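Engineer: Before I ask anything, let me first share the structure, which is written out below as structure tokens.
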Amino acid sequence: MKLGAHVSIGRGFAAAAAEAVALGCEAMQVFSRSPRGGKAKPIAEEDVSLMKGSLESAGIRPLAVHVPYYVNLCSPDPRTYEYSVQVLLEDVERAAALGASFLVVHPGHGDAGESSGLQRLATALRRACLSAAGGERILIENTSGQGHEVGADLDEVARILEMVGVPDRTGVCIDTCHALAWGYDLGSDRAVSEFVREIDRAVGLHRVFLVHLNDSKWAMGSRRDRHEHIGRGAIGLAGFKAIVNHEAFRGLPGVIETPVEDDRSNAANLEVLRGLRSS
């Protein structure tokens, strides 16, 4: 796998790229705006130009943009839904301006298990796909099932993709913490191979474009979305060794979203993964 990290844009996009270079990243993920809400700041062309130059020089690709977590594309509340769609469509434009290959989206929650919630989600994602003039692919991220989230089960992810109906502009982002929290075992070679077969059966491996490499603070099946440092959680080092070396994930970007306000840094988590990766 190509290893990378989600890095902060708090000091700008060029500074984020500089951090990714310092970390030795081979791929990178960012938010395009503050994940805490509010109106997005305009993207400065010079800042983006410097970012692109740094990423190109270091061979860091792809760049993924993550839509903020507060977006709920399944919401039955008209105001929440329209605001979520607005943020999604804005992030499509912002991802294009940044030169991103992927835009990662959490499906949503609420009454999302009902067909009306899924239809709202599919309608929003279809609008986003058709507006993506920059060519970025919109990736649905599997969830933990926490708080009535949709998209935890891979069969449901497949159903969403079918409902969106734009296969050349959509795909899947697999989050390892979320998968374990829902109930997919990832703790051994055998378990990971079974999970890979389940991905292929449900959505098709050809539709997986990005992996979020996160350990889990909670046990398998907990439906709790709490990321942990690599090897310190319920997946463990054996699980991650199997993941980063599995043939199905060869060449795919694997991005960490591990805790940053803790006693292990992004650099340390990446070093652990590099130590597990076969040459």
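Numbering starts fresh at 1 for the residues of each chain in the structure tokens, the chains themselves are lettered A, B, ... in the order given, and ligands are numbered from 1 as they appear.
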Neighbouring residues of range 122-138 of chain A were defined as those with any atom within 10 Å, considering only C-alpha atoms; residues of the same chain fewer than 2 positions away were excluded. Please report them as an MDAnalysis selection string.

Structural biologist: chainID A and resid 63:66 73:74 81:82 84:86 88:105 107 116:120 140:141 159:173 209

Engineer: At a cut-off of 12 Å, using only C-alpha atoms, what residues contact Arg197 in chain A? Leave out same-chain residues fewer than 6 positions from it and give the result as a PyMOL selection string.

Structural biologist: chain A and resi 154+184+190-191+203-205+246-248

Engineer: Distance CA of Gly110 in chain A-CA of Ser32 in chain A, one decimal place?

Structural biologist: 25.1 Å

Engineer: Mind checking DSSP for range 6-131 of chain A and telling me the strand (DSSP E) residues as a PyMOL selection string?

Structural biologist: chain A and resi 6+27-30+63-66+102-105

Engineer: Would you mind listing what lies within 9 Å of Tyr70 in chain A as number ranges by chain, with only C-alpha atoms counted and same-chain residues fewer than 3 positions away left out?

Structural biologist: A: 35-37, 67, 84, 108

Engineer: If we count only C-alpha atoms and set the cut-off at 10 Å, which residues sit around range 218-220 of chain A, ignoring sequence neighbours fewer than 5 positions away in its own chain? Please answer as a PDB file with N, CA, C and O atoms, in the first residue's frame.

Structural biologist:
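Saved file selection.pdb follows:
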ATOM      1  N   CYS A 177     -11.324   0.827  11.120  1.00  0.00           N
ATOM      2  CA  CYS A 177     -11.970   0.951  12.427  1.00  0.00           C
ATOM      3  C   CYS A 177     -13.471   0.748  12.303  1.00  0.00           C
ATOM      4  O   CYS A 177     -14.080   0.010  13.076  1.00  0.00           O
ATOM      5  N   HIS A 178     -14.076   1.417  11.315  1.00  0.00           N
ATOM      6  CA  HIS A 178     -15.515   1.316  11.131  1.00  0.00           C
ATOM      7  C   HIS A 178     -15.930  -0.119  10.800  1.00  0.00           C
ATOM      8  O   HIS A 178     -16.955  -0.610  11.290  1.00  0.00           O
ATOM      9  N   ALA A 179     -15.132  -0.776   9.949  1.00  0.00           N
ATOM     10  CA  ALA A 179     -15.455  -2.147   9.561  1.00  0.00           C
ATOM     11  C   ALA A 179     -15.449  -3.069  10.775  1.00  0.00           C
ATOM     12  O   ALA A 179     -16.360  -3.881  10.973  1.00  0.00           O
ATOM     13  N   LEU A 180     -14.416  -2.946  11.619  1.00  0.00           N
ATOM     14  CA  LEU A 180     -14.346  -3.785  12.813  1.00  0.00           C
ATOM     15  C   LEU A 180     -15.483  -3.464  13.774  1.00  0.00           C
ATOM     16  O   LEU A 180     -16.101  -4.362  14.349  1.00  0.00           O
ATOM     17  N   ALA A 181     -15.777  -2.166  13.944  1.00  0.00           N
ATOM     18  CA  ALA A 181     -16.835  -1.764  14.861  1.00  0.00           C
ATOM     19  C   ALA A 181     -18.186  -2.319  14.431  1.00  0.00           C
ATOM     20  O   ALA A 181     -19.033  -2.635  15.274  1.00  0.00           O
ATOM     21  N   TRP A 182     -18.399  -2.442  13.122  1.00  0.00           N
ATOM     22  CA  TRP A 182     -19.663  -2.996  12.638  1.00  0.00           C
ATOM     23  C   TRP A 182     -19.733  -4.500  12.856  1.00  0.00           C
ATOM     24  O   TRP A 182     -20.811  -5.058  13.088  1.00  0.00           O
ATOM     25  N   GLY A 183     -18.566  -5.180  12.771  1.00  0.00           N
ATOM     26  CA  GLY A 183     -18.580  -6.616  12.987  1.00  0.00           C
ATOM     27  C   GLY A 183     -17.729  -7.431  12.044  1.00  0.00           C
ATOM     28  O   GLY A 183     -17.745  -8.673  12.099  1.00  0.00           O
ATOM     29  N   TYR A 184     -16.979  -6.772  11.165  1.00  0.00           N
ATOM     30  CA  TYR A 184     -16.077  -7.491  10.276  1.00  0.00           C
ATOM     31  C   TYR A 184     -14.753  -7.737  11.008  1.00  0.00           C
ATOM     32  O   TYR A 184     -14.094  -6.803  11.454  1.00  0.00           O
ATOM     33  N   ASP A 185     -14.350  -8.995  11.104  1.00  0.00           N
ATOM     34  CA  ASP A 185     -13.112  -9.350  11.791  1.00  0.00           C
ATOM     35  C   ASP A 185     -11.917  -8.974  10.914  1.00  0.00           C
ATOM     36  O   ASP A 185     -11.873  -9.301   9.727  1.00  0.00           O
ATOM     37  N   LEU A 186     -10.936  -8.278  11.515  1.00  0.00           N
ATOM     38  CA  LEU A 186      -9.730  -7.869  10.789  1.00  0.00           C
ATOM     39  C   LEU A 186      -8.468  -8.220  11.576  1.00  0.00           C
ATOM     40  O   LEU A 186      -7.402  -7.649  11.322  1.00  0.00           O
ATOM     41  N   GLY A 187      -8.556  -9.160  12.498  1.00  0.00           N
ATOM     42  CA  GLY A 187      -7.464  -9.387  13.427  1.00  0.00           C
ATOM     43  C   GLY A 187      -6.400 -10.378  13.006  1.00  0.00           C
ATOM     44  O   GLY A 187      -5.449 -10.600  13.754  1.00  0.00           O
ATOM     45  N   ASP A 225     -17.501   4.370  17.010  1.00  0.00           N
ATOM     46  CA  ASP A 225     -16.512   4.952  16.099  1.00  0.00           C
ATOM     47  C   ASP A 225     -15.475   5.716  16.911  1.00  0.00           C
ATOM     48  O   ASP A 225     -15.573   6.929  17.099  1.00  0.00           O
ATOM     49  N   ARG A 226     -14.472   4.985  17.403  1.00  0.00           N
ATOM     50  CA  ARG A 226     -13.388   5.593  18.161  1.00  0.00           C
ATOM     51  C   ARG A 226     -12.061   5.077  17.626  1.00  0.00           C
ATOM     52  O   ARG A 226     -11.684   3.936  17.853  1.00  0.00           O
ATOM     53  N   HIS A 227     -11.348   5.950  16.914  1.00  0.00           N
ATOM     54  CA  HIS A 227     -10.081   5.550  16.313  1.00  0.00           C
ATOM     55  C   HIS A 227      -9.001   5.421  17.390  1.00  0.00           C
ATOM     56  O   HIS A 227      -8.985   6.152  18.384  1.00  0.00           O
ATOM     57  N   GLU A 228      -8.073   4.492  17.141  1.00  0.00           N
ATOM     58  CA  GLU A 228      -6.953   4.255  18.051  1.00  0.00           C
ATOM     59  C   GLU A 228      -5.659   4.197  17.234  1.00  0.00           C
ATOM     60  O   GLU A 228      -5.675   3.987  16.020  1.00  0.00           O
ATOM     61  N   GLY A 233      -5.111  -1.075  19.368  1.00  0.00           N
ATOM     62  CA  GLY A 233      -6.541  -1.294  19.495  1.00  0.00           C
ATOM     63  C   GLY A 233      -6.951  -2.719  19.199  1.00  0.00           C
ATOM     64  O   GLY A 233      -6.143  -3.654  19.237  1.00  0.00           O
ATOM     65  N   ALA A 234      -8.216  -2.895  18.864  1.00  0.00           N
ATOM     66  CA  ALA A 234      -8.799  -4.218  18.701  1.00  0.00           C
ATOM     67  C   ALA A 234      -8.370  -4.916  17.411  1.00  0.00           C
ATOM     68  O   ALA A 234      -8.515  -6.135  17.295  1.00  0.00           O
ATOM     69  N   ILE A 235      -7.873  -4.175  16.441  1.00  0.00           N
ATOM     70  CA  ILE A 235      -7.360  -4.802  15.213  1.00  0.00           C
ATOM     71  C   ILE A 235      -5.981  -5.380  15.480  1.00  0.00           C
ATOM     72  O   ILE A 235      -5.697  -6.535  15.161  1.00  0.00           O
TER      73      ILE A 235
END

Engineer: Name all residues at most 12 Å from range 260-273 of chain A (count only C-alpha atoms; drop same-chain ones fewer than 4 positions away) and give them as a short mmCIF file (atom, residue, chain, number, x, y, z; two decimals) with N, CA and C atoms, in the first residue's frame.

Structural biologist:
data_model
loop_
_atom_site.label_atom_id
_atom_site.label_comp_id
_atom_site.auth_asym_id
_atom_site.auth_seq_id
_atom_site.Cartn_x
_atom_site.Cartn_y
_atom_site.Cartn_z
N MET A 1 0.83 -1.20 0.00
CA MET A 1 0.00 0.00 0.00
C MET A 1 0.87 1.25 0.00
N LYS A 2 0.29 2.33 -0.54
CA LYS A 2 0.91 3.64 -0.45
C LYS A 2 0.42 4.29 0.84
N LEU A 3 1.32 4.60 1.75
CA LEU A 3 0.93 5.07 3.07
C LEU A 3 0.93 6.59 3.16
N GLY A 4 -0.07 7.12 3.86
CA GLY A 4 -0.18 8.56 4.02
C GLY A 4 -0.98 8.91 5.25
N ALA A 5 -1.33 10.19 5.35
CA ALA A 5 -2.03 10.66 6.55
C ALA A 5 -3.02 11.75 6.19
N HIS A 6 -4.02 11.89 7.05
CA HIS A 6 -4.87 13.08 7.02
C HIS A 6 -4.14 14.16 7.80
N VAL A 7 -3.89 15.29 7.13
CA VAL A 7 -3.13 16.37 7.77
C VAL A 7 -3.98 17.62 7.88
N SER A 8 -3.64 18.45 8.84
CA SER A 8 -4.42 19.66 9.13
C SER A 8 -4.15 20.75 8.10
N GLU A 19 3.87 19.38 5.66
CA GLU A 19 3.81 18.39 6.73
C GLU A 19 3.79 16.98 6.15
N ALA A 20 3.02 16.78 5.08
CA ALA A 20 2.95 15.47 4.45
C ALA A 20 4.32 15.05 3.92
N VAL A 21 5.04 15.99 3.34
CA VAL A 21 6.39 15.70 2.84
C VAL A 21 7.30 15.30 4.00
N ALA A 22 7.24 16.06 5.11
CA ALA A 22 8.07 15.77 6.27
C ALA A 22 7.76 14.41 6.87
N LEU A 23 6.50 14.00 6.77
CA LEU A 23 6.09 12.69 7.29
C LEU A 23 6.49 11.54 6.36
N GLY A 24 6.95 11.87 5.16
CA GLY A 24 7.27 10.83 4.19
C GLY A 24 6.05 10.19 3.58
N CYS A 25 4.96 10.95 3.51
CA CYS A 25 3.71 10.41 2.97
C CYS A 25 3.84 10.08 1.49
N GLU A 26 3.10 9.07 1.09
CA GLU A 26 2.96 8.71 -0.32
C GLU A 26 1.56 9.07 -0.83
N ALA A 27 0.66 9.43 0.07
CA ALA A 27 -0.69 9.89 -0.25
C ALA A 27 -1.09 10.87 0.85
N LEU A 213 -6.71 3.73 7.38
CA LEU A 213 -6.05 2.79 8.28
C LEU A 213 -6.14 3.31 9.71
N ASN A 214 -7.10 2.81 10.46
CA ASN A 214 -7.32 3.23 11.83
C ASN A 214 -7.58 2.02 12.70
N ASP A 215 -6.88 1.93 13.83
CA ASP A 215 -7.21 0.90 14.80
C ASP A 215 -8.46 1.35 15.56
N HIS A 227 -11.35 5.95 16.91
CA HIS A 227 -10.08 5.55 16.31
C HIS A 227 -9.00 5.42 17.39
N GLU A 228 -8.07 4.49 17.14
CA GLU A 228 -6.95 4.26 18.05
C GLU A 228 -5.66 4.20 17.23
N HIS A 229 -4.54 4.40 17.92
CA HIS A 229 -3.23 4.29 17.27
C HIS A 229 -3.03 2.88 16.71
N ILE A 230 -2.26 2.80 15.64
CA ILE A 230 -2.02 1.53 14.96
C ILE A 230 -1.37 0.52 15.91
N GLY A 231 -2.02 -0.63 16.06
CA GLY A 231 -1.50 -1.69 16.89
C GLY A 231 -1.90 -1.63 18.35
N ARG A 232 -2.52 -0.54 18.76
CA ARG A 232 -2.92 -0.41 20.16
C ARG A 232 -4.40 -0.71 20.40
N GLY A 236 -5.09 -4.57 16.04
CA GLY A 236 -3.77 -5.06 16.43
C GLY A 236 -2.78 -5.12 15.28
N LEU A 237 -1.52 -5.36 15.64
CA LEU A 237 -0.45 -5.36 14.64
C LEU A 237 -0.60 -6.48 13.63
N ALA A 238 -1.05 -7.65 14.07
CA ALA A 238 -1.22 -8.77 13.13
C ALA A 238 -2.25 -8.43 12.06
N GLY A 239 -3.33 -7.77 12.49
CA GLY A 239 -4.35 -7.38 11.52
C GLY A 239 -3.84 -6.37 10.52
N PHE A 240 -3.12 -5.37 10.99
CA PHE A 240 -2.61 -4.36 10.06
C PHE A 240 -1.53 -4.90 9.15
N LYS A 241 -0.74 -5.83 9.65
CA LYS A 241 0.25 -6.46 8.77
C LYS A 241 -0.44 -7.18 7.62
N ALA A 242 -1.54 -7.85 7.93
CA ALA A 242 -2.29 -8.54 6.89
C ALA A 242 -2.93 -7.56 5.92
N ILE A 243 -3.42 -6.44 6.43
CA ILE A 243 -4.09 -5.45 5.58
C ILE A 243 -3.12 -4.79 4.61
N VAL A 244 -2.01 -4.27 5.13
CA VAL A 244 -1.10 -3.48 4.28
C VAL A 244 -0.36 -4.36 3.27
N ASN A 245 -0.35 -5.67 3.50
CA ASN A 245 0.36 -6.56 2.58
C ASN A 245 -0.57 -7.41 1.72
N GLY A 254 -3.33 4.12 1.55
CA GLY A 254 -3.82 3.85 2.88
C GLY A 254 -3.49 5.02 3.78
N VAL A 255 -4.51 5.74 4.24
CA VAL A 255 -4.33 7.00 4.96
C VAL A 255 -4.73 6.81 6.42
N ILE A 256 -3.86 7.24 7.33
CA ILE A 256 -4.20 7.16 8.76
C ILE A 256 -5.02 8.38 9.17
N ARG A 277 4.95 -3.33 6.58
CA ARG A 277 4.82 -3.50 5.12
C ARG A 277 5.98 -4.30 4.56
N SER A 278 5.67 -5.32 3.81
CA SER A 278 6.71 -6.13 3.17
C SER A 278 7.33 -5.36 2.03
#

Engineer: Return the single residue from A:Ser115, A:Ile174, A:Ala18, A:Ala44 that is closest to Ser57 in chain A, with distances computed using only C-alpha atoms.

Structural biologist: A:Ala18

Engineer: Find the residues around Met51 in chain A up to 6 Å (only C-alpha atoms counted), leave out those fewer than 2 positions away in its own chain, and share them as a PDB file with all heavy atoms, in the first residue's frame.

Structural biologist:
ATOM      1  N   PHE A  13      -2.996  25.212   2.925  1.00  0.00           N
ATOM      2  CA  PHE A  13      -2.779  23.997   2.139  1.00  0.00           C
ATOM      3  C   PHE A  13      -1.306  23.747   1.853  1.00  0.00           C
ATOM      4  O   PHE A  13      -0.854  22.595   1.849  1.00  0.00           O
ATOM      5  CB  PHE A  13      -3.578  24.079   0.833  1.00  0.00           C
ATOM      6  CG  PHE A  13      -5.065  24.087   1.047  1.00  0.00           C
ATOM      7  CD1 PHE A  13      -5.799  25.254   0.872  1.00  0.00           C
ATOM      8  CD2 PHE A  13      -5.730  22.937   1.437  1.00  0.00           C
ATOM      9  CE1 PHE A  13      -7.170  25.267   1.083  1.00  0.00           C
ATOM     10  CE2 PHE A  13      -7.102  22.930   1.642  1.00  0.00           C
ATOM     11  CZ  PHE A  13      -7.823  24.100   1.473  1.00  0.00           C
ATOM     12  N   ALA A  14      -0.539  24.792   1.624  1.00  0.00           N
ATOM     13  CA  ALA A  14       0.893  24.613   1.391  1.00  0.00           C
ATOM     14  C   ALA A  14       1.574  24.047   2.627  1.00  0.00           C
ATOM     15  O   ALA A  14       2.440  23.166   2.530  1.00  0.00           O
ATOM     16  CB  ALA A  14       1.531  25.939   0.987  1.00  0.00           C
ATOM     17  N   ALA A  17       0.800  20.378   2.908  1.00  0.00           N
ATOM     18  CA  ALA A  17       1.647  19.594   2.011  1.00  0.00           C
ATOM     19  C   ALA A  17       3.056  19.450   2.569  1.00  0.00           C
ATOM     20  O   ALA A  17       3.667  18.377   2.482  1.00  0.00           O
ATOM     21  CB  ALA A  17       1.685  20.242   0.635  1.00  0.00           C
ATOM     22  N   VAL A  48      -2.616  27.123  -3.018  1.00  0.00           N
ATOM     23  CA  VAL A  48      -2.851  25.855  -3.702  1.00  0.00           C
ATOM     24  C   VAL A  48      -1.714  25.533  -4.665  1.00  0.00           C
ATOM     25  O   VAL A  48      -1.282  24.382  -4.782  1.00  0.00           O
ATOM     26  CB  VAL A  48      -4.205  25.881  -4.441  1.00  0.00           C
ATOM     27  CG1 VAL A  48      -4.374  24.632  -5.296  1.00  0.00           C
ATOM     28  CG2 VAL A  48      -5.343  25.980  -3.449  1.00  0.00           C
ATOM     29  N   SER A  49      -1.217  26.552  -5.359  1.00  0.00           N
ATOM     30  CA  SER A  49      -0.102  26.340  -6.290  1.00  0.00           C
ATOM     31  C   SER A  49       1.125  25.808  -5.560  1.00  0.00           C
ATOM     32  O   SER A  49       1.798  24.879  -6.040  1.00  0.00           O
ATOM     33  CB  SER A  49       0.228  27.648  -7.002  1.00  0.00           C
ATOM     34  OG  SER A  49       1.318  27.469  -7.892  1.00  0.00           O
ATOM     35  N   GLY A  53       2.795  22.064  -6.037  1.00  0.00           N
ATOM     36  CA  GLY A  53       4.211  21.930  -6.355  1.00  0.00           C
ATOM     37  C   GLY A  53       4.924  21.000  -5.384  1.00  0.00           C
ATOM     38  O   GLY A  53       5.728  20.146  -5.797  1.00  0.00           O
ATOM     39  N   SER A  54       4.621  21.141  -4.095  1.00  0.00           N
ATOM     40  CA  SER A  54       5.246  20.283  -3.085  1.00  0.00           C
ATOM     41  C   SER A  54       4.836  18.825  -3.266  1.00  0.00           C
ATOM     42  O   SER A  54       5.672  17.915  -3.177  1.00  0.00           O
ATOM     43  CB  SER A  54       4.860  20.758  -1.683  1.00  0.00           C
ATOM     44  OG  SER A  54       5.380  22.031  -1.414  1.00  0.00           O
TER      45      SER A  54
END

Engineer: Assign secondary structure with DSSP using the backbone only, and return the residues of range 25-227 of chain A in alpha helix (DSSP H) as an NGL selection string.

Structural biologist: :A and (45-58 or 78-98 or 115-131 or 154-164 or 176-182 or 189-202)

Engineer: Report as a PDB file with N, CA and C atoms, in the first residue's frame all protein, DNA and RNA residues lying within 6 Å of Ala152 in chain A, evaluated on only C-alpha atoms, omitting residues in the same chain fewer than 2 positions from it.

Structural biologist:
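Dumped everything to around-v6.pdb:
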ATOM      1  N   ASN A 142     -17.529   3.433   4.335  1.00  0.00           N
ATOM      2  CA  ASN A 142     -18.307   2.573   5.238  1.00  0.00           C
ATOM      3  C   ASN A 142     -18.273   3.142   6.651  1.00  0.00           C
ATOM      4  N   THR A 143     -19.340   2.955   7.391  1.00  0.00           N
ATOM      5  CA  THR A 143     -19.453   3.526   8.734  1.00  0.00           C
ATOM      6  C   THR A 143     -19.450   2.427   9.792  1.00  0.00           C
ATOM      7  N   SER A 144     -19.466   2.847  11.052  1.00  0.00           N
ATOM      8  CA  SER A 144     -19.473   1.888  12.164  1.00  0.00           C
ATOM      9  C   SER A 144     -20.875   1.444  12.559  1.00  0.00           C
ATOM     10  N   GLY A 145     -21.906   2.124  12.037  1.00  0.00           N
ATOM     11  CA  GLY A 145     -23.273   1.838  12.439  1.00  0.00           C
ATOM     12  C   GLY A 145     -23.679   2.561  13.703  1.00  0.00           C
ATOM     13  N   VAL A 150     -26.082   4.975   8.258  1.00  0.00           N
ATOM     14  CA  VAL A 150     -26.272   4.112   7.107  1.00  0.00           C
ATOM     15  C   VAL A 150     -24.898   3.797   6.521  1.00  0.00           C
TER      16      VAL A 150
END

Engineer: Find, counting only C-alpha atoms, the residue in A:Arg274, A:Arg61, A:Arg201, A:Arg33 that gets nearest to Arg11 in chain A.

Structural biologist: A:Arg33
